[in-house]
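Shown next: structure-v5.txt, containing compact mmCIF, C-alpha atoms.
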# COMPACT_ATOMS: atom_id res chain seq x y z
CA VAL A 1 44.09 139.77 -87.03
CA LEU A 2 45.37 141.70 -84.01
CA LEU A 3 48.98 141.22 -85.11
CA ASN A 4 48.19 142.51 -88.63
CA LEU A 5 46.45 145.55 -87.14
CA PHE A 6 49.40 146.08 -84.80
CA LEU A 7 51.91 145.93 -87.64
CA SER A 8 49.88 148.33 -89.77
CA GLN A 9 49.76 150.96 -86.98
CA SER A 10 53.07 152.65 -87.79
CA ASN A 11 53.68 156.36 -88.25
CA HIS A 12 57.00 155.69 -89.95
CA SER A 13 58.11 153.97 -93.13
CA TYR A 14 59.40 151.06 -91.07
CA ILE A 15 57.49 148.82 -88.68
CA PHE A 16 59.87 148.51 -85.75
CA HIS A 17 61.78 151.22 -83.91
CA ARG A 18 65.41 150.92 -82.85
CA LYS A 19 66.18 151.96 -79.30
CA ASP A 20 69.31 153.85 -78.34
CA HIS A 21 70.09 152.73 -74.78
CA LYS A 22 71.82 156.02 -74.00
CA SER A 23 68.66 158.04 -74.70
CA ASN A 24 66.21 155.70 -72.99
CA LYS A 25 63.69 157.93 -71.24
CA MET A 26 61.92 155.27 -69.17
CA GLY A 27 64.73 153.38 -67.46
CA ASP A 28 68.12 151.88 -68.05
CA ASP A 29 67.01 148.33 -68.80
CA ALA A 30 66.76 146.08 -71.85
CA VAL A 31 63.21 147.14 -72.84
CA ASP A 32 62.12 150.51 -74.20
CA GLU A 33 58.67 150.73 -72.67
CA GLU A 34 57.61 153.53 -75.02
CA ASN A 35 57.54 150.99 -77.89
CA ILE A 36 55.21 148.47 -76.22
CA ALA A 37 51.77 148.34 -77.86
CA LEU A 38 49.22 147.36 -75.24
CA CYS A 39 47.20 144.19 -75.83
CA CYS A 40 45.65 143.98 -72.38
CA ALA A 41 46.06 146.06 -69.25
CA VAL A 42 44.34 146.40 -65.90
CA CYS A 43 45.52 149.22 -63.66
CA CYS A 44 49.18 148.46 -62.81
CA VAL A 45 49.62 145.28 -64.88
CA ASN A 46 49.96 145.13 -68.65
CA CYS A 47 50.80 142.79 -71.49
CA GLY A 48 51.86 144.01 -74.89
CA LEU A 49 53.77 143.52 -78.09
CA TYR A 50 57.28 144.96 -78.24
CA LYS A 51 57.47 147.10 -81.38
CA ASP A 52 61.26 147.39 -81.56
CA THR A 53 64.05 145.83 -83.62
CA ASP A 54 65.68 145.01 -80.29
CA CYS A 55 63.06 142.35 -79.47
CA MET A 56 65.35 139.36 -80.10
CA GLY A 57 66.17 137.51 -76.90
CA CYS A 58 64.74 137.52 -73.41
CA SER A 59 65.08 139.78 -70.40
CA GLY A 60 63.46 140.25 -67.05
CA LYS A 61 63.62 142.11 -63.80
CA ILE A 62 61.95 141.97 -60.44
CA GLY A 63 62.38 144.59 -57.80
CA LEU A 64 61.56 145.61 -54.28
CA CYS A 65 61.88 149.33 -53.57
CA CYS A 66 65.18 150.44 -55.19
CA LEU A 67 66.83 147.02 -55.47
CA ASN A 68 66.26 145.13 -58.71
CA CYS A 69 67.46 141.74 -59.82
CA GLU A 70 67.81 141.57 -63.59
CA VAL A 71 68.48 138.85 -66.15
CA CYS A 72 69.14 139.44 -69.81
CA CYS A 73 70.03 137.36 -72.84
CA LYS A 74 69.98 140.05 -75.53
CA PRO A 75 72.96 141.00 -77.68
CA SER A 76 72.36 144.77 -77.56
CA ALA A 77 71.39 145.12 -73.87
CA PRO A 78 73.49 147.05 -71.37
CA CYS A 79 75.94 144.93 -69.38
CA LEU A 80 74.87 143.69 -65.97
CA PRO A 81 77.26 143.10 -63.04
CA LEU A 82 77.50 139.34 -63.68
CA ILE A 83 77.40 139.47 -67.52
CA CYS A 84 73.79 138.34 -68.04
CA CYS A 85 72.31 138.73 -64.54
CA GLY A 86 72.80 140.51 -61.29
CA PRO A 87 71.55 142.99 -58.75
CA LYS A 88 71.12 146.63 -59.67
CA MET A 89 70.24 149.70 -57.60
CA GLU A 90 67.71 151.83 -59.47
CA CYS A 91 65.16 154.44 -58.49
CA ASP A 92 62.26 153.49 -60.74
CA GLY A 93 59.59 155.96 -59.73
CA CYS A 94 59.06 154.96 -56.08
CA SER A 95 57.40 151.62 -56.80
CA ILE A 96 57.42 149.23 -53.89
CA VAL A 97 57.23 146.18 -56.15
CA ASN A 98 57.94 145.96 -59.89
CA ALA A 99 58.39 143.16 -62.38
CA GLN A 100 58.92 142.83 -66.11
CA LEU A 101 59.40 139.86 -68.41
CA GLN A 102 60.22 140.19 -72.11
CA CYS A 103 60.54 137.22 -74.43
CA PHE A 104 61.01 138.16 -78.07
CA ASN A 105 58.11 140.52 -78.90
CA THR A 106 55.93 139.82 -75.83
CA VAL A 107 56.29 141.94 -72.68
CA ILE A 108 54.46 141.57 -69.37
CA SER A 109 54.96 144.33 -66.78
CA ALA A 110 53.61 145.15 -63.34
CA ALA A 111 54.32 147.78 -60.69
CA LEU A 112 52.73 148.75 -57.40
CA PRO A 113 52.14 151.65 -57.35
CA CYS A 114 52.33 152.42 -61.06
CA ASN A 115 55.38 154.26 -62.38
CA LYS A 116 56.76 155.64 -65.66
CA GLU A 117 57.49 152.15 -67.00
CA VAL A 118 54.06 150.76 -66.04
CA PRO A 119 51.43 153.53 -66.26
CA VAL A 120 47.79 153.12 -65.22
CA ALA A 121 45.90 151.74 -68.22
CA VAL A 122 42.87 149.68 -69.20
CA SER A 123 43.08 147.70 -72.47
CA ILE A 124 41.14 144.75 -73.83
CA PHE A 125 42.29 142.79 -76.93
CA GLY A 126 44.39 145.74 -78.13
CA LEU A 127 41.68 148.38 -77.58
CA THR A 128 42.86 150.86 -74.97
CA LEU A 129 40.02 152.47 -73.02
CA TYR A 130 41.98 154.50 -70.44
CA PRO A 131 43.77 156.98 -70.25
CA LYS A 132 43.28 157.48 -74.01
CA VAL A 133 40.99 155.58 -76.35
CA GLY A 134 42.61 153.87 -79.33
CA CYS A 135 43.65 150.62 -80.92
CA CYS A 136 47.15 149.20 -80.40
CA LEU A 137 48.37 152.32 -78.60
CA LYS A 138 51.97 152.29 -77.41
CA ILE A 139 52.80 153.15 -73.81
CA GLY A 140 54.69 156.17 -75.14
CA ASP A 141 51.44 157.42 -76.72
CA LEU A 142 49.65 157.37 -73.35
CA LYS A 143 51.84 160.04 -71.80
CA SER A 144 51.06 163.74 -71.93
CA LYS A 145 53.30 165.91 -74.11
CA ASN A 146 53.97 168.27 -71.17
CA ASP A 147 55.22 165.79 -68.60
CA ASP A 148 57.15 162.52 -68.63
CA TYR A 149 54.72 160.71 -66.34
CA GLN A 150 51.46 162.68 -66.06
CA MET A 151 48.80 161.28 -68.35
CA ASP A 152 45.75 162.95 -69.87
CA ARG A 153 42.64 162.45 -67.78
Please express what this file holds, its structure, as structure tokens.
Amino acid sequence: VLLNLFLSQSNHSYIFHRKDHKSNKMGDDAVDEENIALCCAVCCVNCGLYKDTDCMGCSGKIGLCCLNCEVCCKPSAPCLPLICCGPKMECDGCSIVNAQLQCFNTVISAALPCNKEVPVAVSIFGLTLYPKVGCCLKIGDLKSKNDDYQMDR
């Protein structure tokens, strides 16, 4: 039921959105966080469905301060230093610890403190309660129109 509701929540004539890696606003990784529809979230940890045509394959990253270790087995992902894995220096919004795992259309993300890729949110079974109320909201919908990271309160 939740998947049917998720798939019906599209503002476009197509269900999935294609990401252009060169115009990625959130970060230069294999997942466009703006197209993740939240299923469950508590503060700085979230789980969602990846609403993108680029969901085939798996990717992940874990980081401490500005040093991230990434793995990726996706055909359209940007190249990493060692083809499908490797270290990467990235300023990701001053998070001390961050992690993300994507396998096909499921994404689990966490950051401490929260950043642009993992905003503060509270969601239960697809119903987002904070910072905006709605069903199957995408992370991109949670952000304010005026600022890349500031959310409505």
Point-to-point distance from CA of Met56 in chain A to CA of Lys88 in chain A, Å rounded to tenths: 22.4 Å
Residue list as an mmCIF file with C-alpha atoms, in the coordinates of the input for point (44.3, 144.1, -76.8), cut-off 10 Å, all atoms listed in the file:
data_model
loop_
_atom_site.group_PDB
_atom_site.id
_atom_site.type_symbol
_atom_site.label_atom_id
_atom_site.label_comp_id
_atom_site.auth_asym_id
_atom_site.auth_seq_id
_atom_site.Cartn_x
_atom_site.Cartn_y
_atom_site.Cartn_z
ATOM 1 C CA LEU A 2 45.370 141.700 -84.010
ATOM 2 C CA LEU A 3 48.980 141.220 -85.110
ATOM 3 C CA PHE A 6 49.400 146.080 -84.800
ATOM 4 C CA ALA A 37 51.770 148.340 -77.860
ATOM 5 C CA LEU A 38 49.220 147.360 -75.240
ATOM 6 C CA CYS A 39 47.200 144.190 -75.830
ATOM 7 C CA CYS A 40 45.650 143.980 -72.380
ATOM 8 C CA ALA A 41 46.060 146.060 -69.250
ATOM 9 C CA ASN A 46 49.960 145.130 -68.650
ATOM 10 C CA CYS A 47 50.800 142.790 -71.490
ATOM 11 C CA GLY A 48 51.860 144.010 -74.890
ATOM 12 C CA LEU A 49 53.770 143.520 -78.090
ATOM 13 C CA VAL A 122 42.870 149.680 -69.200
ATOM 14 C CA SER A 123 43.080 147.700 -72.470
ATOM 15 C CA ILE A 124 41.140 144.750 -73.830
ATOM 16 C CA PHE A 125 42.290 142.790 -76.930
ATOM 17 C CA GLY A 126 44.390 145.740 -78.130
ATOM 18 C CA LEU A 127 41.680 148.380 -77.580
ATOM 19 C CA THR A 128 42.860 150.860 -74.970
ATOM 20 C CA CYS A 135 43.650 150.620 -80.920
ATOM 21 C CA CYS A 136 47.150 149.200 -80.400
ATOM 22 C CA LEU A 137 48.370 152.320 -78.600
#
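Interatomic distance, CA of Lys143 in chain A against CA of Ala77 in chain A: 24.7 Å.
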Atomic separation - CA of Asp141 in chain A relative to CA of Gly60 in chain A, Å: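 Pair CA of Gly60 in chain A / CA of Asp141 in chain A returns 23.1 Å.
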Nearest to Pro119 in chain A, chosen from A:Cys94, A:Ile139, A:Val71, A:Ile83, with all atoms listed in the file counted in the distances: A:Ile139
Using only C-alpha atoms: which of A:Gly140, A:Pro113, A:Pro81, A:Pro131 has the shortest distance to Leu64 in chain A: A:Pro113
Write only N, CA, C and O atoms for range 78-106 of chain A from the block just shown, as a JSON list (two decimals), in the first residue's frame.
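Listing of out27.json after writing:
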[["chain", "number", "residue", "atom", "x", "y", "z"],
["A", 78, "PRO", "N", 29.60, 8.80, -10.65],
["A", 78, "PRO", "CA", 30.90, 9.39, -10.94],
["A", 78, "PRO", "C", 32.02, 8.43, -10.55],
["A", 78, "PRO", "O", 31.88, 7.64, -9.62],
["A", 79, "CYS", "N", 33.13, 8.50, -11.27],
["A", 79, "CYS", "CA", 34.26, 7.61, -10.99],
["A", 79, "CYS", "C", 34.89, 7.93, -9.65],
["A", 79, "CYS", "O", 35.00, 9.08, -9.27],
["A", 80, "LEU", "N", 35.31, 6.88, -8.96],
["A", 80, "LEU", "CA", 36.03, 7.01, -7.71],
["A", 80, "LEU", "C", 37.50, 6.72, -7.97],
["A", 80, "LEU", "O", 37.85, 6.16, -9.01],
["A", 81, "PRO", "N", 38.40, 7.09, -7.04],
["A", 81, "PRO", "CA", 39.83, 6.90, -7.29],
["A", 81, "PRO", "C", 40.23, 5.48, -7.67],
["A", 81, "PRO", "O", 41.10, 5.29, -8.51],
["A", 82, "LEU", "N", 39.63, 4.47, -7.08],
["A", 82, "LEU", "CA", 39.97, 3.08, -7.39],
["A", 82, "LEU", "C", 38.82, 2.39, -8.12],
["A", 82, "LEU", "O", 38.37, 1.32, -7.73],
["A", 83, "ILE", "N", 38.30, 2.99, -9.15],
["A", 83, "ILE", "CA", 37.20, 2.53, -10.00],
["A", 83, "ILE", "C", 35.88, 2.46, -9.24],
["A", 83, "ILE", "O", 34.99, 3.25, -9.48],
["A", 84, "CYS", "N", 35.71, 1.51, -8.33],
["A", 84, "CYS", "CA", 34.41, 1.39, -7.65],
["A", 84, "CYS", "C", 34.49, 1.69, -6.15],
["A", 84, "CYS", "O", 33.51, 1.57, -5.44],
["A", 85, "CYS", "N", 35.67, 2.07, -5.64],
["A", 85, "CYS", "CA", 35.77, 2.42, -4.23],
["A", 85, "CYS", "C", 36.97, 3.34, -4.03],
["A", 85, "CYS", "O", 37.79, 3.50, -4.91],
["A", 86, "GLY", "N", 37.03, 3.92, -2.86],
["A", 86, "GLY", "CA", 38.18, 4.73, -2.57],
["A", 86, "GLY", "C", 37.89, 5.88, -1.63],
["A", 86, "GLY", "O", 36.75, 6.20, -1.36],
["A", 87, "PRO", "N", 38.96, 6.49, -1.13],
["A", 87, "PRO", "CA", 38.80, 7.65, -0.25],
["A", 87, "PRO", "C", 38.47, 8.90, -1.07],
["A", 87, "PRO", "O", 38.79, 8.99, -2.25],
["A", 88, "LYS", "N", 37.81, 9.84, -0.42],
["A", 88, "LYS", "CA", 37.45, 11.08, -1.09],
["A", 88, "LYS", "C", 37.37, 12.19, -0.05],
["A", 88, "LYS", "O", 36.75, 12.02, 0.99],
["A", 89, "MET", "N", 38.02, 13.31, -0.33],
["A", 89, "MET", "CA", 37.93, 14.47, 0.55],
["A", 89, "MET", "C", 36.71, 15.27, 0.12],
["A", 89, "MET", "O", 36.56, 15.60, -1.06],
["A", 90, "GLU", "N", 35.83, 15.58, 1.08],
["A", 90, "GLU", "CA", 34.60, 16.29, 0.75],
["A", 90, "GLU", "C", 34.11, 17.05, 1.98],
["A", 90, "GLU", "O", 34.03, 16.50, 3.07],
["A", 91, "CYS", "N", 33.80, 18.30, 1.80],
["A", 91, "CYS", "CA", 33.19, 19.08, 2.87],
["A", 91, "CYS", "C", 31.69, 18.91, 2.72],
["A", 91, "CYS", "O", 31.08, 19.40, 1.79],
["A", 92, "ASP", "N", 31.08, 18.17, 3.64],
["A", 92, "ASP", "CA", 29.68, 17.80, 3.50],
["A", 92, "ASP", "C", 28.77, 18.50, 4.49],
["A", 92, "ASP", "O", 27.80, 17.94, 4.96],
["A", 93, "GLY", "N", 29.08, 19.72, 4.84],
["A", 93, "GLY", "CA", 28.22, 20.46, 5.75],
["A", 93, "GLY", "C", 28.65, 20.35, 7.20],
["A", 93, "GLY", "O", 27.85, 20.45, 8.09],
["A", 94, "CYS", "N", 29.93, 20.14, 7.44],
["A", 94, "CYS", "CA", 30.51, 20.12, 8.78],
["A", 94, "CYS", "C", 30.00, 19.00, 9.66],
["A", 94, "CYS", "O", 29.95, 19.13, 10.88],
["A", 95, "SER", "N", 29.59, 17.88, 9.10],
["A", 95, "SER", "CA", 29.20, 16.74, 9.92],
["A", 95, "SER", "C", 30.45, 16.03, 10.43],
["A", 95, "SER", "O", 31.41, 15.84, 9.69],
["A", 96, "ILE", "N", 30.40, 15.63, 11.67],
["A", 96, "ILE", "CA", 31.52, 14.90, 12.25],
["A", 96, "ILE", "C", 31.50, 13.47, 11.73],
["A", 96, "ILE", "O", 32.53, 12.92, 11.35],
["A", 97, "VAL", "N", 30.32, 12.87, 11.71],
["A", 97, "VAL", "CA", 30.15, 11.50, 11.23],
["A", 97, "VAL", "C", 28.99, 11.48, 10.24],
["A", 97, "VAL", "O", 27.96, 12.11, 10.47],
["A", 98, "ASN", "N", 29.17, 10.79, 9.12],
["A", 98, "ASN", "CA", 28.06, 10.61, 8.17],
["A", 98, "ASN", "C", 28.16, 9.23, 7.54],
["A", 98, "ASN", "O", 29.24, 8.66, 7.43],
["A", 99, "ALA", "N", 27.00, 8.73, 7.16],
["A", 99, "ALA", "CA", 26.95, 7.41, 6.52],
["A", 99, "ALA", "C", 25.74, 7.36, 5.60],
["A", 99, "ALA", "O", 24.71, 7.99, 5.86],
["A", 100, "GLN", "N", 25.86, 6.59, 4.53],
["A", 100, "GLN", "CA", 24.75, 6.42, 3.59],
["A", 100, "GLN", "C", 24.91, 5.08, 2.89],
["A", 100, "GLN", "O", 26.02, 4.74, 2.46],
["A", 101, "LEU", "N", 23.83, 4.35, 2.78],
["A", 101, "LEU", "CA", 23.82, 3.09, 2.07],
["A", 101, "LEU", "C", 22.62, 3.09, 1.14],
["A", 101, "LEU", "O", 21.50, 3.38, 1.57],
["A", 102, "GLN", "N", 22.85, 2.81, -0.13],
["A", 102, "GLN", "CA", 21.78, 2.74, -1.12],
["A", 102, "GLN", "C", 21.88, 1.41, -1.83],
["A", 102, "GLN", "O", 22.93, 1.03, -2.34],
["A", 103, "CYS", "N", 20.79, 0.66, -1.83],
["A", 103, "CYS", "CA", 20.71, -0.60, -2.55],
["A", 103, "CYS", "C", 19.41, -0.59, -3.33],
["A", 103, "CYS", "O", 18.32, -0.64, -2.73],
["A", 104, "PHE", "N", 19.53, -0.48, -4.64],
["A", 104, "PHE", "CA", 18.39, -0.32, -5.54],
["A", 104, "PHE", "C", 17.56, 0.88, -5.10],
["A", 104, "PHE", "O", 18.07, 1.98, -5.09],
["A", 105, "ASN", "N", 16.30, 0.72, -4.69],
["A", 105, "ASN", "CA", 15.50, 1.91, -4.39],
["A", 105, "ASN", "C", 15.39, 2.20, -2.89],
["A", 105, "ASN", "O", 14.62, 3.05, -2.48],
["A", 106, "THR", "N", 16.21, 1.56, -2.06],
["A", 106, "THR", "CA", 16.19, 1.80, -0.62],
["A", 106, "THR", "C", 17.45, 2.55, -0.21],
["A", 106, "THR", "O", 18.56, 2.15, -0.58]]
